[in-house]
$ cat structure.cif   # mmCIF, C-alpha atoms
data_coords
#
loop_
_atom_site.label_atom_id
_atom_site.label_comp_id
_atom_site.auth_asym_id
_atom_site.auth_seq_id
_atom_site.Cartn_x
_atom_site.Cartn_y
_atom_site.Cartn_z
CA LYS L 3 -85.53 162.50 -243.00
CA ARG L 4 -82.04 162.05 -244.42
CA LYS L 5 -81.51 159.00 -246.61
CA VAL L 6 -78.31 157.98 -244.83
CA VAL L 7 -80.31 157.76 -241.59
CA LYS L 8 -83.47 156.26 -243.07
CA LEU L 9 -81.63 153.36 -244.72
CA THR L 10 -80.19 152.23 -241.40
CA SER L 11 -83.63 151.51 -239.87
CA PRO L 12 -83.54 154.20 -237.17
CA ASN L 13 -86.42 152.60 -235.25
CA LEU L 14 -84.30 149.49 -234.71
CA ASN L 15 -81.39 151.62 -233.60
CA TYR L 16 -83.45 152.63 -230.58
CA LEU L 17 -83.16 149.02 -229.43
CA ILE L 18 -79.37 149.30 -229.60
CA ILE L 19 -79.60 152.38 -227.38
CA VAL L 20 -81.78 150.48 -224.88
CA GLY L 21 -79.37 147.53 -224.87
CA SER L 22 -76.37 149.82 -224.41
CA VAL L 23 -78.07 151.56 -221.48
CA LEU L 24 -78.53 148.14 -219.86
CA LEU L 25 -74.83 147.39 -220.38
CA TYR L 26 -73.88 150.73 -218.86
CA THR L 27 -76.16 149.91 -215.92
CA CYS L 28 -74.30 146.63 -215.51
CA VAL L 29 -71.09 148.53 -214.84
CA TYR L 30 -72.61 149.83 -211.61
CA LEU L 31 -74.18 146.48 -210.74
CA TYR L 32 -70.89 144.61 -211.05
CA VAL L 33 -68.83 147.10 -209.04
CA TYR L 34 -71.53 147.50 -206.38
CA SER L 35 -71.04 145.26 -203.36
CA VAL L 36 -73.44 144.40 -200.55
CA ASP L 37 -72.95 142.89 -197.09
CA SER L 38 -76.14 140.85 -197.05
CA PHE L 39 -76.23 137.19 -198.07
CA SER L 40 -79.78 137.29 -199.44
CA MET L 41 -79.22 140.55 -201.34
CA GLU L 42 -75.95 139.32 -202.85
CA SER L 43 -77.62 136.08 -203.95
CA PHE L 44 -80.28 138.15 -205.68
CA MET L 45 -77.67 140.44 -207.28
CA CYS L 46 -75.71 137.44 -208.58
CA ASN L 47 -78.61 136.42 -210.81
CA PHE L 48 -79.89 139.94 -211.51
CA ARG L 49 -76.51 141.01 -212.93
CA VAL L 50 -76.51 138.08 -215.35
CA TRP L 51 -80.03 138.93 -216.53
CA VAL L 52 -79.29 142.62 -217.17
CA PHE L 53 -75.98 141.91 -218.94
CA SER L 54 -77.37 139.10 -221.07
CA ILE L 55 -80.50 140.99 -222.15
CA GLY L 56 -78.55 144.16 -222.91
CA TYR L 57 -75.91 142.38 -224.95
CA THR L 58 -78.32 140.14 -226.85
CA LEU L 59 -80.65 143.05 -227.63
CA CYS L 60 -77.80 145.05 -229.18
CA PHE L 61 -76.39 142.14 -231.12
CA ALA L 62 -79.79 140.90 -232.30
CA VAL L 63 -80.34 144.23 -234.08
CA ILE L 64 -76.95 143.99 -235.78
CA LEU L 65 -77.60 140.36 -236.73
CA SER L 66 -81.04 141.13 -238.20
CA LYS L 67 -79.71 144.03 -240.29
CA THR L 68 -76.89 141.87 -241.61
CA TRP L 69 -79.34 139.10 -242.47
CA ARG L 70 -81.48 141.52 -244.50
CA ILE L 71 -78.47 142.67 -246.52
CA TYR L 72 -77.35 139.06 -246.96
CA TYR L 73 -80.83 138.02 -248.12
CA ILE L 74 -81.12 140.85 -250.64
CA PHE L 75 -77.73 140.46 -252.27
CA ASN L 76 -77.08 136.71 -251.95
CA ASN L 77 -80.49 135.22 -252.68
CA PRO L 78 -80.41 133.89 -256.29
CA THR L 79 -84.17 133.65 -256.72
CA ALA L 80 -85.81 136.21 -258.98
CA LYS L 81 -88.77 136.83 -256.70
CA LYS L 82 -87.81 138.15 -253.30
CA LYS L 83 -90.03 139.20 -250.47
CA THR L 84 -89.54 142.68 -249.08
CA ILE L 85 -87.78 142.51 -245.73
CA THR L 86 -89.44 145.24 -243.70
CA ASP L 87 -88.42 146.48 -240.29
CA TRP L 88 -91.31 144.51 -238.80
CA ILE L 89 -89.80 141.26 -240.08
CA LEU L 90 -86.51 142.27 -238.48
CA VAL L 91 -88.38 142.92 -235.23
CA VAL L 92 -89.63 139.31 -235.36
CA VAL L 93 -86.06 138.07 -235.89
CA ILE L 94 -84.88 140.18 -232.95
CA ALA L 95 -87.74 138.87 -230.80
CA ILE L 96 -86.79 135.26 -231.60
CA VAL L 97 -83.11 135.83 -230.75
CA VAL L 98 -83.95 137.59 -227.48
CA THR L 99 -86.62 135.01 -226.55
CA ILE L 100 -84.09 132.16 -226.86
CA ASP L 101 -81.73 134.06 -224.59
CA LEU L 102 -84.53 134.73 -222.10
CA SER L 103 -85.40 131.03 -222.11
CA ILE L 104 -81.80 130.13 -221.23
CA LEU L 105 -81.82 132.71 -218.45
CA PHE L 106 -85.18 131.55 -217.10
CA ILE L 107 -84.24 127.87 -217.02
CA GLY L 108 -80.90 128.60 -215.38
CA THR L 109 -82.51 130.77 -212.73
CA ALA L 110 -85.55 128.56 -212.12
CA VAL L 111 -83.58 125.36 -211.53
CA PRO L 112 -82.22 125.50 -207.95
CA GLU L 113 -79.14 123.43 -208.84
CA SER L 114 -77.95 125.92 -211.47
CA ARG L 115 -79.07 129.14 -209.82
CA LEU L 116 -76.25 131.43 -208.71
CA ALA L 117 -75.89 131.94 -204.97
CA ALA L 118 -73.68 134.00 -202.70
CA VAL L 119 -70.96 132.47 -200.56
CA ASN L 120 -68.88 134.10 -197.85
CA ILE L 121 -65.11 133.68 -198.27
CA LEU L 122 -61.91 135.22 -196.99
CA ASP L 123 -60.97 138.39 -198.88
CA ALA L 124 -57.97 137.37 -201.00
CA GLU L 125 -56.89 140.97 -201.56
CA HIS L 126 -57.19 142.21 -197.99
CA VAL L 127 -56.94 139.13 -195.82
CA ILE L 128 -56.08 140.85 -192.57
CA THR L 129 -56.27 144.47 -191.48
CA ILE L 130 -54.84 145.91 -188.31
CA THR L 131 -56.65 148.74 -186.57
CA SER L 132 -54.97 151.67 -184.86
CA ASP L 133 -55.44 149.80 -181.59
CA GLY L 134 -53.44 146.85 -182.90
CA ILE L 135 -56.47 144.59 -183.30
CA ARG L 136 -56.29 142.16 -186.22
CA HIS L 137 -59.41 141.62 -188.32
CA GLU L 138 -60.03 138.96 -190.93
CA ASN L 139 -61.90 140.38 -193.90
CA HIS L 140 -64.59 138.39 -195.67
CA ILE L 141 -66.52 139.11 -198.84
CA TYR L 142 -69.53 137.67 -200.64
CA ILE L 143 -68.98 136.23 -204.10
CA CYS L 144 -71.23 134.33 -206.50
CA THR L 145 -70.58 130.61 -206.46
CA ARG L 146 -70.51 128.96 -209.89
CA ARG L 147 -69.72 125.32 -209.13
CA GLN L 148 -73.20 124.17 -210.10
CA SER L 149 -73.81 126.89 -212.70
CA VAL L 150 -71.02 126.14 -215.17
CA ILE L 151 -73.33 124.42 -217.66
CA TRP L 152 -75.91 127.23 -217.54
CA LEU L 153 -73.35 130.00 -217.98
CA GLY L 154 -71.51 127.92 -220.59
CA VAL L 155 -74.68 127.55 -222.66
CA SER L 156 -75.34 131.29 -222.34
CA PHE L 157 -71.83 132.21 -223.52
CA ALA L 158 -71.97 129.58 -226.29
CA TYR L 159 -75.26 131.02 -227.57
CA LYS L 160 -73.77 134.51 -227.75
CA GLY L 161 -70.70 133.12 -229.48
CA SER L 162 -72.84 131.36 -232.09
CA LEU L 163 -74.60 134.66 -232.84
CA GLN L 164 -71.22 136.25 -233.48
CA VAL L 165 -70.18 133.43 -235.83
CA ILE L 166 -73.41 133.75 -237.84
CA ALA L 167 -73.06 137.53 -238.06
CA MET L 168 -69.43 137.19 -239.13
CA PHE L 169 -70.39 134.77 -241.90
CA MET L 170 -73.06 137.07 -243.33
CA ALA L 171 -70.91 140.20 -242.92
CA PHE L 172 -68.12 138.51 -244.87
CA HIS L 173 -70.46 137.64 -247.75
CA THR L 174 -71.86 141.19 -247.93
CA ARG L 175 -68.53 143.01 -247.72
CA ARG L 176 -68.67 143.95 -251.43
CA VAL L 177 -72.09 145.59 -251.31
CA LYS L 178 -71.78 149.07 -252.79
CA VAL L 179 -74.74 150.73 -251.06
CA LYS L 180 -72.62 152.56 -248.54
CA ALA L 181 -75.37 153.79 -246.27
CA LEU L 182 -77.03 150.37 -246.23
CA ASN L 183 -73.96 148.24 -245.73
CA ASP L 184 -72.66 148.11 -242.15
CA SER L 185 -70.51 145.02 -242.68
CA LYS L 186 -67.23 146.76 -241.85
CA GLU L 187 -68.60 148.18 -238.63
CA ILE L 188 -70.27 144.86 -237.82
CA ALA L 189 -67.02 142.98 -238.44
CA ALA L 190 -65.21 145.35 -236.08
CA ILE L 191 -67.92 144.85 -233.45
CA ILE L 192 -67.69 141.06 -233.83
CA TYR L 193 -63.90 140.93 -233.52
CA ILE L 194 -63.69 143.27 -230.55
CA ASN L 195 -66.71 141.61 -228.92
CA SER L 196 -65.00 138.22 -229.21
CA ILE L 197 -62.06 139.55 -227.23
CA MET L 198 -64.32 141.22 -224.68
CA LEU L 199 -66.43 138.07 -224.20
CA ALA L 200 -63.27 136.02 -223.64
CA ILE L 201 -62.08 138.54 -221.05
CA LEU L 202 -65.49 138.53 -219.37
CA ALA L 203 -65.57 134.73 -219.26
CA VAL L 204 -62.10 134.49 -217.72
CA THR L 205 -62.93 137.24 -215.24
CA GLU L 206 -66.23 135.61 -214.30
CA PHE L 207 -64.70 132.24 -213.48
CA ALA L 208 -61.14 133.02 -212.38
CA LEU L 209 -61.11 136.37 -210.59
CA GLN L 210 -64.12 136.17 -208.30
CA GLU L 211 -62.05 136.11 -205.14
CA TYR L 212 -60.15 139.27 -206.16
CA HIS L 213 -63.14 141.59 -206.05
CA ASP L 214 -61.27 144.83 -206.82
CA VAL L 215 -59.62 143.38 -209.93
CA TYR L 216 -62.86 141.61 -210.86
CA ALA L 217 -64.90 144.82 -210.64
CA ALA L 218 -62.31 146.86 -212.55
CA VAL L 219 -61.87 144.38 -215.42
CA PHE L 220 -65.56 143.53 -215.74
CA GLY L 221 -66.64 147.16 -215.52
CA LEU L 222 -64.10 148.26 -218.14
CA ALA L 223 -65.11 145.44 -220.50
CA LEU L 224 -68.78 146.39 -220.19
CA LEU L 225 -67.96 150.05 -220.88
CA ILE L 226 -66.09 149.04 -224.02
CA GLU L 227 -68.96 146.78 -225.12
CA ALA L 228 -71.66 149.45 -224.74
CA THR L 229 -69.55 152.21 -226.27
CA LEU L 230 -68.63 149.90 -229.14
CA PHE L 231 -72.26 149.26 -230.05
CA LEU L 232 -73.16 152.94 -229.95
CA GLY L 233 -69.97 154.28 -231.51
CA LEU L 234 -69.59 151.98 -234.50
CA ILE L 235 -73.27 152.04 -235.41
CA PHE L 236 -74.06 155.74 -234.98
CA VAL L 237 -70.80 157.68 -235.34
CA PRO L 238 -69.99 156.67 -238.98
CA LYS L 239 -73.47 157.74 -240.09
CA MET L 240 -73.20 161.03 -238.21
CA VAL L 241 -69.81 161.75 -239.79
CA SER L 242 -71.15 160.86 -243.24
CA LEU L 243 -74.15 163.14 -242.75
CA TYR L 244 -71.92 165.96 -241.52
CA PHE L 245 -69.59 165.91 -244.53
CA ASP L 246 -72.30 165.10 -247.10
CA PRO L 247 -75.71 166.47 -245.99
CA ASN L 248 -77.25 165.54 -249.36
#
$ encode --input "structure.cif" --output "structure tokens"
Amino acid sequence: KRKVVKLTSPNLNYLIIVGSVLLYTCVYLYVYSVDSFSMESFMCNFRVWVFSIGYTLCFAVILSKTWRIYYIFNNPTAKKKTITDWILVVVIAIVVTIDLSILFIGTAVPESRLAAVNILDAEHVITITSDGIRHENHIYICTRRQSVIWLGVSFAYKGSLQVIAMFMAFHTRRVKVKALNDSKEIAAIIYINSIMLAILAVTEFALQEYHDVYAAVFGLALLIEATLFLGLIFVPKMVSLYFDPN
């Protein structure tokens, strides 16, 4: 095994791939529409679960790797415990478990659970058939009036993970072990993710009635998120290995 690959904990990188696949799956889930009230109510909550697990899984790996670098190079004590990949797996499990707990509570409590509601289609209010008959178009959207606190806590938790990762990435930016230090890539992920999360939050709460715009913006943001995780973590190492196989 090449050192440039081995130092990046390739087993943990598989989790990033799994998380990115979930985010790519979300693209289809958010653009897919159904004409059944019960199915749309189910999809409202299912989409949130898939997106949240996929995102948190990817970011938990990045956070755990950054914490290991931060611990090694910023811990003043002479005796330091070896931070193995198994310890990082525990950190990842804790981060994901907290997110799952937020999701479970929000879904289990009827008052905060997302539900479908039938409204007039704001983009295509009325259509006229070839026979001159006027039709009012209706769509199902996910109501969020009673779910603001739940979704707010979920977004706040993800934001706090970004702040913690940014802090540790900043304090490890001078580490000279090039293959081990992903702080530049992590910083790029954090900054771009912050923008994407803001776009997703605005889209989630403000553009529900405009389903075409909602699906396009949300789907594009998810594509950028998933590609960002894969591209900035794997591509630099692949390029480095290509130009310097030794």
$ residues_around --input "structure.cif" --residues "Thr68 of chain L" --least-positions-apart "3" --cutoff "10 Å" --atoms "only C-alpha atoms" --output "ChimeraX atom specification"
/L:62-65,71-73,166-174,182-185,188
$ closest_residue --input "structure.cif" --among "L:Phe106, L:Tyr26, L:Trp152, L:Tyr212" --to "Trp51 of chain L" --atoms "all atoms listed in the file"
L:Phe106
$ closest_residue --input "structure.cif" --among "L:Ala110, L:Cys144, L:Ile55, L:Val215" --to "Ile18 of chain L" --atoms "only C-alpha atoms"
L:Ile55
$ atom_distance --input "structure.cif" --atom1 "atom CA of Asn13 of chain L" --atom2 "atom CA of Tyr32 of chain L"
29.8 Å
$ atom_distance --input "structure.cif" --atom1 "atom CA of Val20 of chain L" --atom2 "atom CA of Ser40 of chain L"
28.7 Å
$ atom_distance --input "structure.cif" --atom1 "atom CA of Leu90 of chain L" --atom2 "atom CA of Asn47 of chain L"
29.4 Å
$ resolve_selection --input "structure.cif" --expression "the PyMOL selection byres ((chain L and resi 44) around 12)" --output "compact mmCIF listing (two decimals) with C-alpha atoms, in the coordinates of the input"
# COMPACT_ATOMS: atom_id res chain seq x y z
CA LEU L 31 -74.18 146.48 -210.74
CA SER L 35 -71.04 145.26 -203.36
CA VAL L 36 -73.44 144.40 -200.55
CA SER L 38 -76.14 140.85 -197.05
CA PHE L 39 -76.23 137.19 -198.07
CA SER L 40 -79.78 137.29 -199.44
CA MET L 41 -79.22 140.55 -201.34
CA GLU L 42 -75.95 139.32 -202.85
CA SER L 43 -77.62 136.08 -203.95
CA MET L 45 -77.67 140.44 -207.28
CA CYS L 46 -75.71 137.44 -208.58
CA ASN L 47 -78.61 136.42 -210.81
CA PHE L 48 -79.89 139.94 -211.51
CA ARG L 49 -76.51 141.01 -212.93
CA VAL L 50 -76.51 138.08 -215.35
CA TRP L 51 -80.03 138.93 -216.53
CA THR L 109 -82.51 130.77 -212.73
CA ARG L 115 -79.07 129.14 -209.82
CA LEU L 116 -76.25 131.43 -208.71
CA ALA L 117 -75.89 131.94 -204.97
CA ALA L 118 -73.68 134.00 -202.70
CA TYR L 142 -69.53 137.67 -200.64
CA ILE L 143 -68.98 136.23 -204.10
CA CYS L 144 -71.23 134.33 -206.50
$ axis_aligned_box --input "structure.cif" --around "segment 221-237 of chain L" --padding-each-side "4 Å" --output "JSON"
{"center_x": -69.1, "center_y": 151.6, "center_z": -225.5, "size_x": 18.0, "size_y": 20.2, "size_z": 27.9}
$ resolve_selection --input "structure.cif" --expression "the PyMOL selection byres ((chain L and resi 224) around 9)" --output "NGL selection string"
:L and (25-26 or 28-29 or 53 or 198 or 202 or 219-223 or 225-229)
$ write_last_selection --input "structure.cif" --atoms "C-alpha atoms" --output "mmCIF file, in the coordinates of the input"
data_model
loop_
_atom_site.group_PDB
_atom_site.id
_atom_site.type_symbol
_atom_site.label_atom_id
_atom_site.label_comp_id
_atom_site.auth_asym_id
_atom_site.auth_seq_id
_atom_site.Cartn_x
_atom_site.Cartn_y
_atom_site.Cartn_z
ATOM 1 C CA LEU L 25 -74.830 147.390 -220.380
ATOM 2 C CA TYR L 26 -73.880 150.730 -218.860
ATOM 3 C CA CYS L 28 -74.300 146.630 -215.510
ATOM 4 C CA VAL L 29 -71.090 148.530 -214.840
ATOM 5 C CA PHE L 53 -75.980 141.910 -218.940
ATOM 6 C CA MET L 198 -64.320 141.220 -224.680
ATOM 7 C CA LEU L 202 -65.490 138.530 -219.370
ATOM 8 C CA VAL L 219 -61.870 144.380 -215.420
ATOM 9 C CA PHE L 220 -65.560 143.530 -215.740
ATOM 10 C CA GLY L 221 -66.640 147.160 -215.520
ATOM 11 C CA LEU L 222 -64.100 148.260 -218.140
ATOM 12 C CA ALA L 223 -65.110 145.440 -220.500
ATOM 13 C CA LEU L 225 -67.960 150.050 -220.880
ATOM 14 C CA ILE L 226 -66.090 149.040 -224.020
ATOM 15 C CA GLU L 227 -68.960 146.780 -225.120
ATOM 16 C CA ALA L 228 -71.660 149.450 -224.740
ATOM 17 C CA THR L 229 -69.550 152.210 -226.270
#
$ closest_residue --input "structure.cif" --among "L:Ala95, L:Ala158, L:Ala218, L:Cys60" --to "Ala200 of chain L" --atoms "only C-alpha atoms"
L:Ala158
